[in-house]
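S.K.: protein10.pdb is reproduced below (PDB, C-alpha atoms and all ligand atoms).
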```
ATOM      1  CA  MET A 155     -21.364  -0.489  18.936
ATOM      2  CA  THR A 156     -18.677  -2.439  20.713
ATOM      3  CA  PHE A 157     -17.983  -6.105  21.182
ATOM      4  CA  PHE A 158     -15.256  -7.445  23.432
ATOM      5  CA  SER A 159     -13.746 -10.646  22.150
ATOM      6  CA  ARG A 160     -11.755 -12.829  24.500
ATOM      7  CA  SER A 161     -10.490 -15.384  21.989
ATOM      8  CA  GLU A 162      -9.888 -16.044  18.321
ATOM      9  CA  LYS A 163     -12.958 -18.275  18.397
ATOM     10  CA  GLN A 164     -15.152 -15.463  19.734
ATOM     11  CA  THR A 165     -13.959 -13.144  16.970
ATOM     12  CA  LEU A 166     -14.671 -15.836  14.375
ATOM     13  CA  ASN A 167     -18.162 -16.337  15.732
ATOM     14  CA  PHE A 168     -18.828 -12.619  15.988
ATOM     15  CA  ALA A 169     -17.793 -12.098  12.348
ATOM     16  CA  LYS A 170     -19.811 -15.115  11.288
ATOM     17  CA  LYS A 171     -22.953 -13.557  12.768
ATOM     18  CA  PHE A 172     -21.988 -10.141  11.421
ATOM     19  CA  SER A 173     -21.859 -11.566   7.889
ATOM     20  CA  LYS A 174     -25.564 -12.386   8.008
ATOM     21  CA  ASN A 175     -26.469  -8.694   7.764
ATOM     22  CA  LEU A 176     -24.197  -7.844   4.871
ATOM     23  CA  THR A 177     -25.604  -6.713   1.571
ATOM     24  CA  GLY A 178     -23.927  -6.782  -1.823
ATOM     25  CA  GLY A 179     -21.866  -3.756  -2.767
ATOM     26  CA  LEU A 180     -20.577  -3.281   0.738
ATOM     27  CA  VAL A 181     -16.977  -2.212   1.257
ATOM     28  CA  LEU A 182     -15.795  -3.040   4.742
ATOM     29  CA  GLY A 183     -12.593  -1.441   5.979
ATOM     30  CA  LEU A 184     -10.770  -3.141   8.844
ATOM     31  CA  VAL A 185      -8.529  -0.968  10.948
ATOM     32  CA  GLY A 186      -6.267  -2.248  13.687
ATOM     33  CA  ASN A 187      -2.659  -2.961  14.591
ATOM     34  CA  LEU A 188      -0.548  -5.919  13.544
ATOM     35  CA  GLY A 189      -2.076  -9.058  14.976
ATOM     36  CA  ALA A 190      -5.278  -7.325  16.046
ATOM     37  CA  GLY A 191      -7.384  -9.951  14.305
ATOM     38  CA  LYS A 192      -8.336  -8.424  10.947
ATOM     39  CA  THR A 193      -7.642 -11.642   9.051
ATOM     40  CA  ILE A 194      -9.390 -13.735  11.698
ATOM     41  CA  PHE A 195     -12.417 -11.440  11.426
ATOM     42  CA  THR A 196     -12.431 -11.837   7.626
ATOM     43  CA  LYS A 197     -12.130 -15.597   8.080
ATOM     44  CA  GLY A 198     -15.303 -15.469  10.183
ATOM     45  CA  LEU A 199     -17.086 -13.499   7.469
ATOM     46  CA  ALA A 200     -16.045 -16.114   4.913
ATOM     47  CA  LEU A 201     -17.347 -18.906   7.147
ATOM     48  CA  GLY A 202     -20.620 -17.016   7.558
ATOM     49  CA  LEU A 203     -20.920 -16.654   3.794
ATOM     50  CA  GLY A 204     -20.470 -20.389   3.375
ATOM     51  CA  ILE A 205     -17.024 -20.166   1.788
ATOM     52  CA  LYS A 206     -15.440 -23.590   2.053
ATOM     53  CA  LYS A 207     -11.943 -22.640   0.978
ATOM     54  CA  ASN A 208      -9.643 -21.718   3.855
ATOM     55  CA  LEU A 209      -9.167 -17.963   3.862
ATOM     56  CA  THR A 210      -5.569 -16.852   4.273
ATOM     57  CA  SER A 211      -3.972 -13.436   4.562
ATOM     58  CA  PRO A 212      -3.551 -11.572   1.257
ATOM     59  CA  THR A 213      -0.608  -9.564   2.625
ATOM     60  CA  PHE A 214       1.709 -10.584  -0.218
ATOM     61  CA  VAL A 215      -0.723 -11.051  -3.102
ATOM     62  CA  LEU A 216      -2.738  -7.951  -2.074
ATOM     63  CA  MET A 217      -6.046  -9.369  -3.320
ATOM     64  CA  LYS A 218      -7.862 -12.670  -3.084
ATOM     65  CA  ILE A 219     -11.263 -13.422  -4.533
ATOM     66  CA  TYR A 220     -13.503 -16.117  -3.084
ATOM     67  CA  PRO A 221     -16.650 -17.342  -4.823
ATOM     68  CA  VAL A 222     -19.807 -17.253  -2.697
ATOM     69  CA  SER A 223     -22.529 -19.648  -3.740
ATOM     70  CA  GLN A 224     -25.275 -19.701  -1.140
ATOM     71  CA  HIS A 225     -25.956 -16.018  -0.528
ATOM     72  CA  GLN A 226     -27.640 -14.553  -3.591
ATOM     73  CA  PRO A 227     -27.117 -11.976  -4.978
ATOM     74  CA  ILE A 228     -23.615 -12.120  -3.492
ATOM     75  CA  LYS A 229     -21.202 -13.987  -5.729
ATOM     76  CA  PHE A 230     -17.780 -12.875  -4.482
ATOM     77  CA  LEU A 231     -15.917 -11.980  -1.342
ATOM     78  CA  VAL A 232     -12.918  -9.848  -2.255
ATOM     79  CA  HIS A 233     -10.228  -9.681   0.420
ATOM     80  CA  LEU A 234      -7.629  -6.934   0.159
ATOM     81  CA  ASP A 235      -4.662  -6.046   2.329
ATOM     82  CA  ALA A 236      -3.117  -2.585   2.112
ATOM     83  CA  TYR A 237      -0.351  -3.263   4.650
ATOM     84  CA  ARG A 238       2.486  -3.534   2.157
ATOM     85  CA  ILE A 239       1.437  -0.919  -0.339
ATOM     86  CA  LYS A 240       2.932   2.564  -0.422
ATOM     87  CA  ARG A 241       0.139   4.345  -2.238
ATOM     88  CA  ALA A 242      -3.522   3.644  -2.856
ATOM     89  CA  SER A 243      -2.987   3.592  -6.626
ATOM     90  CA  GLU A 244      -1.231   0.227  -6.217
ATOM     91  CA  LEU A 245      -4.602  -1.295  -5.394
ATOM     92  CA  THR A 246      -6.411   0.449  -8.240
ATOM     93  CA  ALA A 247      -3.639  -0.779 -10.561
ATOM     94  CA  ILE A 248      -4.553  -4.399  -9.834
ATOM     95  CA  GLY A 249      -8.238  -3.693 -10.465
ATOM     96  CA  ALA A 250      -9.334  -3.787  -6.834
ATOM     97  CA  ALA A 251     -11.523  -0.689  -7.038
ATOM     98  CA  GLU A 252     -13.550  -2.274  -9.836
ATOM     99  CA  TYR A 253     -15.060  -4.552  -7.216
ATOM    100  CA  PHE A 254     -16.207  -1.717  -4.954
ATOM    101  CA  ASN A 255     -19.943  -1.158  -5.214
ATOM    102  CA  ARG A 256     -20.545  -4.211  -7.344
ATOM    103  CA  PRO A 257     -23.907  -5.496  -6.093
ATOM    104  CA  ASP A 258     -22.666  -9.086  -6.269
ATOM    105  CA  THR A 259     -19.529  -8.433  -4.208
ATOM    106  CA  ILE A 260     -18.541  -7.798  -0.622
ATOM    107  CA  THR A 261     -15.110  -6.244  -0.314
ATOM    108  CA  VAL A 262     -13.051  -6.418   2.861
ATOM    109  CA  ILE A 263      -9.916  -4.294   3.166
ATOM    110  CA  GLU A 264      -7.337  -4.792   5.904
ATOM    111  CA  TRP A 265      -5.424  -1.611   6.820
ATOM    112  CA  ALA A 266      -8.164   0.437   5.141
ATOM    113  CA  ASP A 267      -6.835   3.574   6.866
ATOM    114  CA  LYS A 268      -3.845   3.420   4.492
ATOM    115  CA  ILE A 269      -5.987   3.828   1.375
ATOM    116  CA  LYS A 270      -8.568   6.369   2.502
ATOM    117  CA  THR A 271      -8.311   8.241  -0.801
ATOM    118  CA  ILE A 272      -9.824   5.388  -2.802
ATOM    119  CA  LEU A 273     -12.375   4.193  -0.240
ATOM    120  CA  PRO A 274     -15.936   4.781  -1.391
ATOM    121  CA  LYS A 275     -17.852   7.242   0.812
ATOM    122  CA  LYS A 276     -20.238   4.567   1.948
ATOM    123  CA  ALA A 277     -17.480   2.219   3.112
ATOM    124  CA  ARG A 278     -18.073   0.901   6.599
ATOM    125  CA  LEU A 279     -15.192   0.826   9.040
ATOM    126  CA  ILE A 280     -14.575  -1.691  11.771
ATOM    127  CA  LYS A 281     -11.860  -1.052  14.298
ATOM    128  CA  ILE A 282     -10.198  -3.860  16.161
ATOM    129  CA  ASN A 283      -8.162  -2.744  19.139
ATOM    130  CA  LEU A 284      -5.716  -5.056  20.799
ATOM    131  CA  GLN A 285      -6.289  -4.674  24.528
ATOM    132  CA  LYS A 286      -4.133  -7.234  26.249
ATOM    133  CA  ASN A 287      -3.423 -10.928  25.858
ATOM    134  CA  ASN A 288      -6.354 -12.301  23.879
ATOM    135  CA  LEU A 289      -8.715  -9.429  24.554
ATOM    136  CA  ARG A 290      -9.835  -7.433  21.515
ATOM    137  CA  LYS A 291     -12.236  -4.492  21.380
ATOM    138  CA  ILE A 292     -14.218  -4.550  18.145
ATOM    139  CA  ILE A 293     -15.903  -1.261  17.295
ATOM    140  CA  PHE A 294     -18.454  -1.644  14.525
TER     141      PHE A 294
HETATM  142  N1  LIG B   1      -9.810 -12.261  20.678
HETATM  143  C1  LIG B   1      -9.072 -12.516  19.589
HETATM  144  N2  LIG B   1      -9.561 -12.244  18.354
HETATM  145  C2  LIG B   1      -8.813 -12.465  17.248
HETATM  146  N3  LIG B   1      -7.566 -12.965  17.256
HETATM  147  C3  LIG B   1      -7.028 -13.255  18.452
HETATM  148  C4  LIG B   1      -7.753 -13.061  19.663
HETATM  149  N4  LIG B   1      -6.971 -13.425  20.699
HETATM  150  C5  LIG B   1      -5.821 -13.834  20.166
HETATM  151  N5  LIG B   1      -5.837 -13.735  18.819
HETATM  152  C6  LIG B   1      -4.703 -14.058  17.946
HETATM  153  O1  LIG B   1      -4.257 -12.860  17.346
HETATM  154  C7  LIG B   1      -3.817 -13.127  16.020
HETATM  155  C8  LIG B   1      -4.602 -12.291  15.038
HETATM  156  O2  LIG B   1      -4.030 -12.494  13.790
HETATM  157  P1  LIG B   1      -4.580 -11.880  12.454
HETATM  158  O3  LIG B   1      -3.710 -12.409  11.373
HETATM  159  O4  LIG B   1      -6.036 -12.046  12.327
HETATM  160  O5  LIG B   1      -4.263 -10.322  12.694
HETATM  161  P2  LIG B   1      -4.267  -9.171  11.627
HETATM  162  O6  LIG B   1      -4.933  -8.010  12.262
HETATM  163  O7  LIG B   1      -4.829  -9.665  10.348
HETATM  164  O8  LIG B   1      -2.704  -8.877  11.468
HETATM  165  P3  LIG B   1      -1.915  -8.258  10.234
HETATM  166  O9  LIG B   1      -1.913  -6.788  10.462
HETATM  167  O10 LIG B   1      -0.557  -8.847  10.333
HETATM  168  O11 LIG B   1      -2.634  -8.606   8.958
HETATM  169  C9  LIG B   1      -3.989 -14.611  15.779
HETATM  170  O12 LIG B   1      -2.793 -15.253  16.059
HETATM  171  C10 LIG B   1      -5.056 -14.991  16.810
HETATM  172  O13 LIG B   1      -4.953 -16.334  17.224
HETATM  173 MG    MG B   2      -4.123  -9.726   8.421
END
```
Take the structure I supplied and represent it as structure tokens, if you would.
M.R.:
Amino acid sequence: MTFFSRSEKQTLNFAKKFSKNLTGGLVLGLVGNLGAGKTIFTKGLALGLGIKKNLTSPTFVLMKIYPVSQHQPIKFLVHLDAYRIKRASELTAIGAAEYFNRPDTITVIEWADKIKTILPKKARLIKINLQKNNLRKIIF
């Protein structure tokens, strides 16, 4: 399916609604160019999951883990960013893959296309295409 977002706010709201259907163990890969809105989308998911802490890009730390308290059985949102890594093993080295498939965890991976080799088969991909100006095409 496709959703056209015309602003950061619309992407936030879309992701917020999208989060309501997520089940534990899900690995969500976000694919899209620089500035497409992958972090904004993840921010919306966090808002939807009731995460109070401001979600920021994990580009430099590679992985951030946010506790989720109001969405049993989900206890964690794990946010990964593969932009800076050269090989997928860099993410396994920091223990990222141990969160995949955990029934109490939702994992979101920016630049998931860079680490295809370690993505679980059941990972779901979302593509965000920068159209022009503030227009984004979200394919989910
Ligand atoms: N419709 C839209 N949806 C999302 N973001 C938008 C939209 N229109 C404009 N923007 C802007 O685009 C930028 C998206 O930034 P964001 O950090 O989410 O991108 P990203 O895909 O995570 O980039 P990176 O590859 O650097 O991690 C923000 O500055 C946001 O304000
Ligand atoms: Mg980002």
S.K.: When you look at Ala266 (chain A) with a cut-off of 9 Å (counting only C-alpha atoms), what residues show up, excluding the ones that are within fewer than 6 positions of it in the same chain? I need them as a ChimeraX atom specification.
M.R.: /A:182-185,234-237,273,279
S.K.: Between A:Phe294, A:Phe172, A:Trp265, A:Phe214, which has the minimum distance to ligand LIG 1 (chain B) (counting only C-alpha atoms and all ligand atoms)?
M.R.: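 Answer, going by the shortest atom-to-atom distance: A:Trp265.
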S.K.: What is the distance between CA of Arg290 (chain A) and atom C6 of ligand LIG 1 (chain B), in Å to one decimal?
M.R.: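 So the answer is 9.1 Å.
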S.K.: I'd like the contact shell of Lys291 (chain A) - 8 Å cut-off, only C-alpha atoms, skipping same-chain residues fewer than 6 positions apart - returned as a list in words.
M.R.: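 After dropping sequence-adjacent residues, the list is Thr156, Phe157, Phe158, Ser159, Lys281, Ile282, Asn283, Leu284 and Gln285 of chain A.
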S.K.: Grab the residues selected above and save them as a compact mmCIF listing (two decimals), keeping the file's coordinate frame with C-alpha atoms.
M.R.:
```txt
# COMPACT_ATOMS: atom_id res chain seq x y z
CA THR A 156 -18.68 -2.44 20.71
CA PHE A 157 -17.98 -6.10 21.18
CA PHE A 158 -15.26 -7.44 23.43
CA SER A 159 -13.75 -10.65 22.15
CA LYS A 281 -11.86 -1.05 14.30
CA ILE A 282 -10.20 -3.86 16.16
CA ASN A 283 -8.16 -2.74 19.14
CA LEU A 284 -5.72 -5.06 20.80
CA GLN A 285 -6.29 -4.67 24.53
```
S.K.: Select the residues contacting ligand MG 2 (chain B) at a distance of at most 7 Å, based on all atoms listed in the file, then format the selection as a list in words.
M.R.: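 For ligand MG 2 (chain B), the residues inside 7 Å are Gly189, Gly191, Lys192, Thr193, Ser211, Thr213 and Glu264 of chain A.
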S.K.: Spell out the residues picked by the PyMOL selection byres (((chain A and resi 200) around 10) and not hetatm) here, as an MDAnalysis selection string.
M.R.: chainID A and resid 166 169:170 173 194:199 201:209 220:222 231 233
S.K.: Adding 5 Å on each side of the box along x, y and z that holds all listed atoms of ligand LIG 1 (chain B), could you give its centre and edge lengths in Å to one decimal, as lines of an AutoDock Vina configuration file?
M.R.:
```
center_x = -5.2
center_y = -11.6
center_z = 14.8
size_x = 19.3
size_y = 19.5
size_z = 21.7
```
S.K.: For a quick check of understanding, using all atoms listed in the file, which of A:Thr210, A:Gln224, A:Asn288, A:Ser161 has the smallest distance to Lys174 (chain A)?
M.R.: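 Selected residue with least distance to Lys174 (chain A): A:Gln224.
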S.K.: Out of A:Gly178, A:Arg278, A:Arg238, A:Pro227, which residue has the shortest atom-to-atom distance to ligand LIG 1 (chain B) when counting all atoms listed in the file?
M.R.: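 Once distances to ligand LIG 1 (chain B) are computed over all atoms listed in the file, the minimum belongs to A:Arg238.
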S.K.: How far is it from atom C2 of ligand LIG 1 (chain B) to CA of Gln226 (chain A), in Å with one decimal?
M.R.: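 CA of Gln226 (chain A) lies at a distance of 28.2 Å from atom C2 of ligand LIG 1 (chain B).
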S.K.: List, as a ChimeraX atom specification, every residue that the PyMOL selection byres (((chain A and resi 258) around 10) and not hetatm) selects in the file provided.
M.R.: /A:177-180,222,225-231,253-257,259-260
S.K.: What is the distance, in Å and to one decimal place, between CA of Val215 (chain A) and atom N5 of ligand LIG 1 (chain B)?
M.R.: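 So the two atoms, CA of Val215 (chain A) and atom N5 of ligand LIG 1 (chain B), lie 22.7 Å apart.
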S.K.: Between A:Val181, A:Leu176, A:Leu216, A:Thr271, which is the closest to ligand LIG 1 (chain B) once you count all atoms listed in the file?
M.R.: A:Leu216
S.K.: Return the single residue from A:Ala242, A:Ile269, A:Ala251, A:Ile263 that is closest to ligand LIG 1 (chain B), with distances computed using only C-alpha atoms and all ligand atoms.
M.R.: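 For ligand LIG 1 (chain B), the nearest of the given residues is A:Ile263.
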S.K.: For ligand LIG 1 (chain B), which residue out of A:Lys163, A:Lys218, A:Phe168, A:Ala190 is the nearest one, using only C-alpha atoms and all ligand atoms?
M.R.: A:Ala190
